[in-house]
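Enquirer: Below is coords07.csv; it holds CSV, C-alpha atoms and all ligand atoms.
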```csv
chain,number,residue,atom,x,y,z
A,1,MET,CA,239.3,-13.4,26.3
A,2,THR,CA,239.3,-14.8,29.9
A,3,GLN,CA,236.2,-14.5,32.0
A,4,PRO,CA,236.0,-11.2,33.8
A,5,LEU,CA,236.6,-11.1,37.5
A,6,ILE,CA,233.4,-10.3,39.4
A,7,LEU,CA,234.4,-7.9,42.3
A,8,ASP,CA,232.4,-9.3,45.2
A,9,GLY,CA,231.6,-6.4,47.5
A,10,ASN,CA,230.4,-8.7,50.3
A,11,LEU,CA,233.8,-10.5,50.4
A,12,ALA,CA,235.8,-7.3,50.3
A,13,ALA,CA,233.4,-5.6,52.9
A,14,ALA,CA,233.9,-8.6,55.3
A,15,ALA,CA,237.6,-8.0,55.2
A,16,LEU,CA,237.1,-4.3,56.0
A,17,LEU,CA,234.7,-5.1,58.8
A,18,GLU,CA,237.2,-7.5,60.3
A,19,LYS,CA,239.7,-4.7,60.4
A,20,ALA,CA,237.1,-2.4,62.1
A,21,GLN,CA,236.4,-5.2,64.6
A,22,ASN,CA,240.1,-5.7,65.4
A,23,GLU,CA,240.6,-2.0,66.0
A,24,MET,CA,237.4,-1.9,68.1
A,25,ALA,CA,238.6,-4.8,70.3
A,26,ALA,CA,241.5,-2.6,71.4
A,27,LEU,CA,239.1,0.0,72.8
A,28,ASN,CA,237.6,-0.2,76.4
A,29,PHE,CA,234.3,1.3,75.2
A,30,LYS,CA,231.8,0.7,72.4
A,31,PRO,CA,231.8,3.3,69.7
A,32,HIS,CA,228.3,4.8,69.0
A,33,LEU,CA,226.9,5.7,65.6
A,34,HIS,CA,224.0,8.1,65.5
A,35,VAL,CA,222.0,8.2,62.2
A,36,ILE,CA,219.4,10.9,61.5
A,37,ARG,CA,216.8,10.8,58.8
A,38,ILE,CA,214.3,13.4,57.9
A,39,GLY,CA,211.1,12.2,56.2
A,40,ASP,CA,210.3,8.8,54.8
A,41,ASP,CA,211.7,8.5,51.3
A,42,PRO,CA,211.8,4.7,50.8
A,43,ALA,CA,215.4,4.5,49.6
A,44,SER,CA,216.5,6.6,52.6
A,45,VAL,CA,214.4,4.6,55.0
A,46,SER,CA,216.1,1.4,53.8
A,47,TYR,CA,219.6,2.8,53.8
A,48,THR,CA,219.3,4.3,57.3
A,49,LYS,CA,217.8,1.1,58.8
A,50,LEU,CA,220.6,-0.9,57.1
A,51,LYS,CA,223.3,1.4,58.5
A,52,ALA,CA,222.0,1.2,62.1
A,53,ARG,CA,221.4,-2.5,61.9
A,54,ARG,CA,224.8,-3.3,60.5
A,55,ALA,CA,226.4,-1.2,63.2
A,56,LYS,CA,224.8,-3.3,65.9
A,57,LYS,CA,225.6,-6.5,64.1
A,58,ILE,CA,229.4,-5.8,64.4
A,59,GLY,CA,229.1,-4.7,68.0
A,60,LEU,CA,228.8,-1.0,67.7
A,61,ASP,CA,226.1,0.9,69.5
A,62,SER,CA,223.7,2.6,67.1
A,63,THR,CA,220.7,5.0,67.2
A,64,LEU,CA,218.4,5.9,64.4
A,65,THR,CA,216.5,9.2,64.9
A,66,GLU,CA,213.6,9.5,62.5
A,67,LEU,CA,212.2,13.0,62.2
A,68,PRO,CA,209.2,14.2,60.2
A,69,ALA,CA,209.6,15.7,56.7
A,70,ASP,CA,208.6,19.2,57.9
A,71,THR,CA,211.4,19.3,60.6
A,72,SER,CA,213.0,22.8,60.6
A,73,GLU,CA,216.6,23.5,60.1
A,74,SER,CA,216.9,25.0,63.6
A,75,THR,CA,215.5,21.8,65.2
A,76,LEU,CA,217.9,19.7,63.3
A,77,LEU,CA,220.8,22.0,64.2
A,78,GLU,CA,219.9,21.8,67.9
A,79,LEU,CA,220.0,18.0,67.8
A,80,ILE,CA,223.3,18.1,66.0
A,81,GLN,CA,224.8,20.4,68.6
A,82,LYS,CA,223.6,18.2,71.4
A,83,LEU,CA,225.2,15.1,69.8
A,84,ASN,CA,228.4,17.1,68.9
A,85,ASN,CA,228.7,17.7,72.7
A,86,ASP,CA,227.8,14.2,73.8
A,87,PRO,CA,231.0,12.2,74.5
A,88,ASN,CA,229.1,9.0,74.0
A,89,THR,CA,228.2,9.8,70.4
A,90,HIS,CA,231.3,9.1,68.2
A,91,GLY,CA,229.8,9.0,64.7
A,92,LEU,CA,227.1,11.3,63.4
A,93,LEU,CA,225.4,11.0,60.0
A,94,VAL,CA,222.5,12.9,58.5
A,95,GLN,CA,221.0,11.0,55.6
A,96,LEU,CA,220.8,12.9,52.3
A,97,PRO,CA,218.9,14.1,50.4
A,98,PHE,CA,216.4,16.1,52.4
A,99,PRO,CA,212.7,15.7,51.4
A,100,LYS,CA,211.4,17.8,48.5
A,101,GLY,CA,210.2,21.1,49.8
A,102,SER,CA,212.3,21.0,53.0
A,103,SER,CA,213.8,24.3,54.0
A,104,ILE,CA,216.9,22.6,55.5
A,105,ARG,CA,220.0,23.7,53.7
A,106,GLU,CA,222.4,20.8,53.1
A,107,PRO,CA,225.7,22.7,53.4
A,108,VAL,CA,224.6,24.3,56.7
A,109,ILE,CA,223.9,20.8,58.1
A,110,LEU,CA,227.1,19.2,56.8
A,111,GLU,CA,229.2,22.0,58.3
A,112,ALA,CA,227.4,21.8,61.6
A,113,ILE,CA,228.5,18.2,62.3
A,114,HIS,CA,231.8,18.2,64.2
A,115,PRO,CA,234.6,17.2,61.7
A,116,ASN,CA,235.8,14.4,64.1
A,117,LYS,CA,232.3,12.9,64.3
A,118,ASP,CA,231.6,13.3,60.5
A,119,VAL,CA,231.6,9.6,59.6
A,120,ASP,CA,230.3,10.6,56.1
A,121,GLY,CA,233.6,12.5,55.5
A,122,LEU,CA,231.6,15.4,53.9
A,123,HIS,CA,232.6,18.3,56.1
A,124,VAL,CA,234.8,20.8,54.4
A,125,VAL,CA,237.5,20.2,57.0
A,126,ASN,CA,237.6,16.5,56.0
A,127,THR,CA,237.5,17.4,52.3
A,128,GLY,CA,240.5,19.7,52.9
A,129,ARG,CA,242.3,17.0,54.9
A,130,LEU,CA,241.8,14.6,52.0
A,131,TRP,CA,243.1,16.9,49.3
A,132,ALA,CA,246.0,17.9,51.6
A,133,GLY,CA,246.9,14.2,52.0
A,134,GLN,CA,246.2,14.3,55.7
A,135,MET,CA,244.7,11.7,58.0
A,136,GLY,CA,240.9,12.2,58.6
A,137,LEU,CA,237.5,10.8,58.1
A,138,ARG,CA,237.0,10.0,54.4
A,139,SER,CA,233.9,9.8,52.3
A,140,CYS,CA,232.5,6.2,52.5
A,141,THR,CA,231.7,5.3,48.9
A,142,PRO,CA,235.0,6.4,47.4
A,143,ALA,CA,237.0,5.0,50.3
A,144,GLY,CA,235.0,1.8,49.9
A,145,ILE,CA,236.0,1.6,46.2
A,146,ILE,CA,239.7,2.0,47.1
A,147,SER,CA,239.3,-0.8,49.7
A,148,MET,CA,237.7,-3.0,47.1
A,149,LEU,CA,240.5,-2.4,44.6
A,150,ASP,CA,243.1,-3.1,47.4
A,151,TYR,CA,241.3,-6.3,48.4
A,152,TYR,CA,241.5,-7.6,44.8
A,153,ARG,CA,245.1,-6.2,44.4
A,154,ILE,CA,244.2,-3.9,41.5
A,155,ALA,CA,246.9,-1.3,41.6
A,156,LEU,CA,246.2,2.3,40.4
A,157,GLU,CA,249.7,3.5,40.0
A,158,GLY,CA,250.2,4.9,36.4
A,159,LYS,CA,246.7,3.8,35.4
A,160,ARG,CA,244.2,6.1,33.6
A,161,VAL,CA,241.1,6.4,35.8
A,162,VAL,CA,238.0,8.0,34.4
A,163,ILE,CA,235.2,8.9,36.8
A,164,ILE,CA,231.8,9.8,35.3
A,165,ASN,CA,230.5,11.8,38.3
A,166,ARG,CA,231.5,15.1,39.8
A,167,SER,CA,229.7,15.1,43.1
A,168,GLN,CA,231.0,15.8,46.6
A,169,LEU,CA,229.8,12.3,47.6
A,170,VAL,CA,231.6,10.3,45.0
A,171,GLY,CA,233.5,11.9,42.0
A,172,LYS,CA,235.5,14.6,43.7
A,173,PRO,CA,236.7,12.6,46.7
A,174,LEU,CA,237.4,9.5,44.6
A,175,ALA,CA,239.6,11.6,42.3
A,176,ALA,CA,241.7,12.8,45.2
A,177,MET,CA,242.1,9.2,46.5
A,178,CYS,CA,243.1,7.9,43.0
A,179,LEU,CA,245.6,10.7,42.7
A,180,GLU,CA,247.0,9.7,46.0
A,181,ARG,CA,247.6,6.3,44.5
A,182,ASN,CA,249.5,7.9,41.5
A,183,ALA,CA,246.8,7.3,38.9
A,184,THR,CA,246.1,9.8,36.1
A,185,VAL,CA,242.6,10.9,36.8
A,186,THR,CA,239.8,12.4,34.7
A,187,ILE,CA,236.5,13.5,36.0
A,188,ALA,CA,233.9,13.4,33.3
A,189,HIS,CA,230.3,14.7,33.5
A,190,SER,CA,227.2,15.6,31.5
A,191,ARG,CA,228.9,18.4,29.7
A,192,THR,CA,232.0,16.4,28.7
A,193,LYS,CA,232.5,16.3,24.9
A,194,ASP,CA,232.7,12.8,23.4
A,195,LEU,CA,232.0,11.1,26.8
A,196,ALA,CA,232.2,7.6,25.3
A,197,GLY,CA,235.6,8.4,23.8
A,198,VAL,CA,236.9,9.8,27.1
A,199,ALA,CA,235.6,6.8,29.0
A,200,ARG,CA,237.2,4.4,26.5
A,201,GLU,CA,240.7,5.8,27.5
A,202,ALA,CA,240.1,4.4,31.0
A,203,ASP,CA,242.1,1.5,32.4
A,204,VAL,CA,239.7,1.9,35.4
A,205,LEU,CA,236.2,3.3,34.6
A,206,VAL,CA,234.0,4.4,37.4
A,207,THR,CA,230.4,5.2,36.6
A,208,ALA,CA,227.9,6.9,39.0
A,209,VAL,CA,225.6,8.4,36.4
A,210,GLY,CA,222.3,6.9,37.8
A,211,ARG,CA,220.9,5.9,34.4
A,212,VAL,CA,220.0,2.3,33.5
A,213,GLY,CA,221.9,1.1,30.4
A,214,PHE,CA,223.9,4.3,30.1
A,215,ILE,CA,227.3,2.5,29.9
A,216,THR,CA,227.4,0.4,26.7
A,217,PRO,CA,230.4,-1.4,25.3
A,218,ASP,CA,231.1,1.8,23.3
A,219,PHE,CA,232.3,3.4,26.6
A,220,VAL,CA,234.6,0.6,27.6
A,221,LYS,CA,238.1,-0.3,26.5
A,222,ALA,CA,238.6,-4.1,26.2
A,223,GLY,CA,240.1,-5.4,29.4
A,224,ALA,CA,239.2,-2.3,31.5
A,225,VAL,CA,238.2,-2.6,35.2
A,226,VAL,CA,234.6,-1.2,35.6
A,227,ILE,CA,233.3,0.1,38.9
A,228,ASP,CA,229.5,0.6,38.7
A,229,VAL,CA,228.5,2.8,41.7
A,230,SER,CA,224.9,3.4,40.7
A,231,VAL,CA,221.9,1.7,42.3
A,232,ASN,CA,218.9,2.2,40.0
A,233,ARG,CA,215.6,0.8,41.0
A,234,ILE,CA,213.6,-0.7,38.1
A,235,MET,CA,210.4,-2.7,37.9
A,236,LEU,CA,210.8,-6.1,36.3
A,237,ASN,CA,207.8,-8.5,36.0
A,238,GLY,CA,206.1,-6.5,38.8
A,239,GLU,CA,209.0,-6.7,41.1
A,240,GLU,CA,211.5,-4.1,42.1
A,241,LYS,CA,215.1,-4.9,41.0
A,242,LEU,CA,218.3,-3.0,41.5
A,243,VAL,CA,220.6,-2.4,38.5
A,244,GLY,CA,223.7,-0.2,37.8
A,245,ASP,CA,224.5,1.9,34.8
A,246,CYS,CA,226.1,-0.8,32.7
A,247,THR,CA,224.4,-3.0,30.1
A,248,PRO,CA,225.0,-6.7,30.5
A,249,GLU,CA,227.3,-6.6,27.4
A,250,VAL,CA,229.8,-4.5,29.3
A,251,VAL,CA,230.6,-7.5,31.6
A,252,ALA,CA,232.1,-9.5,28.7
A,253,ILE,CA,234.6,-6.9,27.6
A,254,SER,CA,235.8,-5.9,31.0
A,255,SER,CA,238.6,-7.7,32.9
A,256,ALA,CA,236.9,-7.0,36.2
A,257,ILE,CA,233.5,-5.5,37.1
A,258,THR,CA,231.4,-4.8,40.2
A,259,PRO,CA,227.9,-6.3,40.2
A,260,VAL,CA,224.8,-4.3,41.3
A,261,PRO,CA,223.7,-5.2,43.9
A,262,GLY,CA,226.6,-6.7,45.8
A,263,GLY,CA,229.4,-4.6,44.5
A,264,VAL,CA,230.1,-1.1,45.8
A,265,GLY,CA,227.0,-0.9,48.1
A,266,PRO,CA,228.3,-3.2,50.8
A,267,MET,CA,231.7,-1.4,50.7
A,268,THR,CA,230.0,1.9,51.5
A,269,VAL,CA,228.2,0.6,54.6
A,270,SER,CA,231.3,-1.2,55.9
A,271,HIS,CA,233.4,1.9,55.4
A,272,LEU,CA,230.9,3.9,57.4
A,273,LEU,CA,231.3,1.4,60.3
A,274,TYR,CA,235.1,1.6,59.9
A,275,ASN,CA,234.9,5.4,60.1
A,276,THR,CA,232.8,5.1,63.3
A,277,VAL,CA,235.6,3.2,64.9
A,278,LEU,CA,238.2,5.6,63.5
A,279,ALA,CA,236.2,8.6,64.8
A,280,ALA,CA,236.0,7.1,68.3
A,281,LYS,CA,239.8,6.6,68.2
A,282,ILE,CA,240.4,10.2,67.0
A,283,GLN,CA,238.1,11.6,69.7
A,284,ASN,CA,240.0,9.7,72.4
A,285,GLY,CA,243.5,10.7,71.1
A,286,LEU,CA,244.2,7.1,70.0
A,301,LIG,N1,222.6,9.4,50.6
A,301,LIG,C1,223.1,8.6,49.7
A,301,LIG,N2,224.3,8.2,50.0
A,301,LIG,C2,224.6,8.8,51.2
A,301,LIG,C3,225.8,8.7,52.0
A,301,LIG,O1,226.8,8.1,51.8
A,301,LIG,N3,225.7,9.5,53.1
A,301,LIG,C4,224.6,10.3,53.4
A,301,LIG,N4,224.6,11.0,54.5
A,301,LIG,N5,223.5,10.3,52.6
A,301,LIG,C5,223.5,9.6,51.5
```
Mind turning this structure into structure tokens?

Expert:
Amino acid sequence: MTQPLILDGNLAAAALLEKAQNEMAALNFKPHLHVIRIGDDPASVSYTKLKARRAKKIGLDSTLTELPADTSESTLLELIQKLNNDPNTHGLLVQLPFPKGSSIREPVILEAIHPNKDVDGLHVVNTGRLWAGQMGLRSCTPAGIISMLDYYRIALEGKRVVIINRSQLVGKPLAAMCLERNATVTIAHSRTKDLAGVAREADVLVTAVGRVGFITPDFVKAGAVVIDVSVNRIMLNGEEKLVGDCTPEVVAISSAITPVPGGVGPMTVSHLLYNTVLAAKIQNGL
């Protein structure tokens, strides 16, 4: 069999950023992304800093507000209202999850963000727009996966897509986006019977399980495209290393596969920046 194609997220993300920058060049103002983080979970600290830094790097304005772990829901809601009403804030994102023991309710916060500033695409209005096939702000990881497939000209029409993840952040919105591309979509999860057998039916297998070594060759049809969304932190020889769900043997039987790191991750951040430009255009009637 021929060597699998390694789907380089940095290359595909650069193309998406170029599109964002071209659209930004047509504006007579700088879109502004505001990122809020509660607490200091190390993964959330690194993601939020990365988001704010990347925004600046492509010429957006960005602000990172870091609040203590014991911040109350009402304090956070007040800040969100202020930013919803601020015409100079175009994108607003509250990093998830909230710290353990926090009294802040995730659905309350996600619904408080104005749908046209919801660059995470997680507000029910944006979820509804997605399922209705309407224009709107779309969830970054699934939209990033679609951009990656587009970049590598991997068509979904008529393909069997199996997504092992049923979350609001990944599985459900990705299913809607694949359906829109005329794929036949299955969402599988921890209660799916014969999960490996279901996964083996996939022409395109998406895994976001979050368990190292979970996807073995037993889950993959020869020649399938494999999208590994998970970023698992492991210690190897005293150093932290990022790995996905797939064992190294999966690479050899796939026709194309995303590496971890350097696969889906860069696409998610780039889509967030693209969404910030799109949000600024929507708010200005463009
Ligand atoms: N935590 C992990 N991924 C995400 C994301 O895409 N958006 C937000 N807000 N929090 C996250």

Enquirer: Let me see if you get this right: every residue at most 10 Å from ligand LIG 301 (chain A), counting all atoms listed in the file, written as a VMD selection string.

Expert: chain A and resid 35 to 37 43 to 44 47 to 48 92 to 98 110 118 to 122 139 to 142 169 to 170 265 268 to 269 271 to 272

Enquirer: Do you know which residues lie at most 6 Å from (220.7, -0.1, 32.4), with coordinates as in the file and all atoms listed in the file counted, and could you write them as a list of chain:residue names?

Expert: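 Every polymer residue passing the test: A:Val212, A:Gly213, A:Phe214, A:Asp245, A:Cys246, A:Thr247.
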
Enquirer: Tell me which protein, DNA and RNA residues are within 7 Å of Gly210 (chain A), counting all atoms listed in the file, leaving out same-chain ones fewer than 4 positions away, and put them as a compact mmCIF listing (two decimals) with C-alpha atoms, keeping the file's coordinate frame.

Expert:
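Written output follows (part00.txt):
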```
# COMPACT_ATOMS: atom_id res chain seq x y z
CA SER A 230 224.90 3.40 40.70
CA VAL A 231 221.90 1.70 42.30
CA ASN A 232 218.90 2.20 40.00
CA ASP A 245 224.50 1.90 34.80
```

Enquirer: Rounded to one decimal place, report the CA of Gly238 (chain A)-CA of Thr258 (chain A) distance in Å.

Expert: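 For CA of Gly238 (chain A) relative to CA of Thr258 (chain A), the distance reads 25.4 Å.
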
Enquirer: With all atoms listed in the file as the basis for distance, which of A:Thr2, A:Val108, A:Ile163, A:Pro99 is at the shortest distance from His123 (chain A)?

Expert: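 Smallest distance to His123 (chain A) is found for A:Val108.
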
Enquirer: With a distance cut-off of 10 Å and all atoms listed in the file, select the neighbouring residues of Tyr151 (chain A), excluding the residue or stretch itself and same-chain residues fewer than 5 positions from it, and output the selection as a PyMOL selection string.

Expert: chain A and resi 7-9+11-13+15-16+145-146

Enquirer: Since we have the selection now, will you write its residues out, keeping C-alpha atoms, as a PDB file, in the frame of the given file?

Expert:
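New file part.pdb:
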```
ATOM      1  CA  LEU A   7     234.400  -7.900  42.300  1.00  0.00           C
ATOM      2  CA  ASP A   8     232.400  -9.300  45.200  1.00  0.00           C
ATOM      3  CA  GLY A   9     231.600  -6.400  47.500  1.00  0.00           C
ATOM      4  CA  LEU A  11     233.800 -10.500  50.400  1.00  0.00           C
ATOM      5  CA  ALA A  12     235.800  -7.300  50.300  1.00  0.00           C
ATOM      6  CA  ALA A  13     233.400  -5.600  52.900  1.00  0.00           C
ATOM      7  CA  ALA A  15     237.600  -8.000  55.200  1.00  0.00           C
ATOM      8  CA  LEU A  16     237.100  -4.300  56.000  1.00  0.00           C
ATOM      9  CA  ILE A 145     236.000   1.600  46.200  1.00  0.00           C
ATOM     10  CA  ILE A 146     239.700   2.000  47.100  1.00  0.00           C
TER      11      ILE A 146
END
```

Enquirer: What's the separation between CA of Asn88 (chain A) and CA of His32 (chain A), in Å to one decimal place?

Expert: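 According to the coordinates, CA of Asn88 (chain A) and CA of His32 (chain A) are separated by 6.6 Å.
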
Enquirer: Please determine, counting all atoms listed in the file, which residue among A:Gln168, A:Gly144, A:Ser103, A:Val264 has the shortest atom-to-atom distance to Val124 (chain A).

Expert: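 Going through A:Gln168, A:Gly144, A:Ser103, A:Val264 one by one, the smallest distance to Val124 (chain A) is for A:Gln168.
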
Enquirer: Counting only C-alpha atoms, what is within 10 Å of Ala132 (chain A), bar same-chain residues fewer than 5 positions away, as a PyMOL selection string?

Expert: chain A and resi 126-127+176+180

Enquirer: Of the residues A:Ser167, A:Ser270, A:Val162, A:Glu73, which is the one nearest to Phe219 (chain A), using all atoms listed in the file?

Expert: A:Val162

Enquirer: Just want the 9 Å neighbourhood of region 75-84 of chain A, counted on only C-alpha atoms, with same-chain residues fewer than 4 positions away dropped. Output as a VMD selection string.

Expert: chain A and resid 34 67 71 88 to 90 92 104 108 to 109 112 to 114 117

Enquirer: Between CA of Gly59 (chain A) and CA of Val277 (chain A), measure the distance and give it in Å to one decimal.

Expert: 10.7 Å

Enquirer: What lies within 6 Å of Arg181 (chain A) using all atoms listed in the file, ignoring chain neighbours under 2 positions off, as a list in words?

Expert: Leu156, Glu157, Cys178, Leu179 and Ala183 of chain A

Enquirer: Return the single residue from A:Leu242, A:Val220, A:Leu130, A:Leu273 that is closest to Arg54 (chain A), with distances computed using only C-alpha atoms.

Expert: A:Leu273

Enquirer: Closest to Leu286 (chain A) among A:Ala222, A:Ala143, A:Asp86, A:Asn28, using all atoms listed in the file?

Expert: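 The answer is A:Asn28, which sits nearest to Leu286 (chain A).
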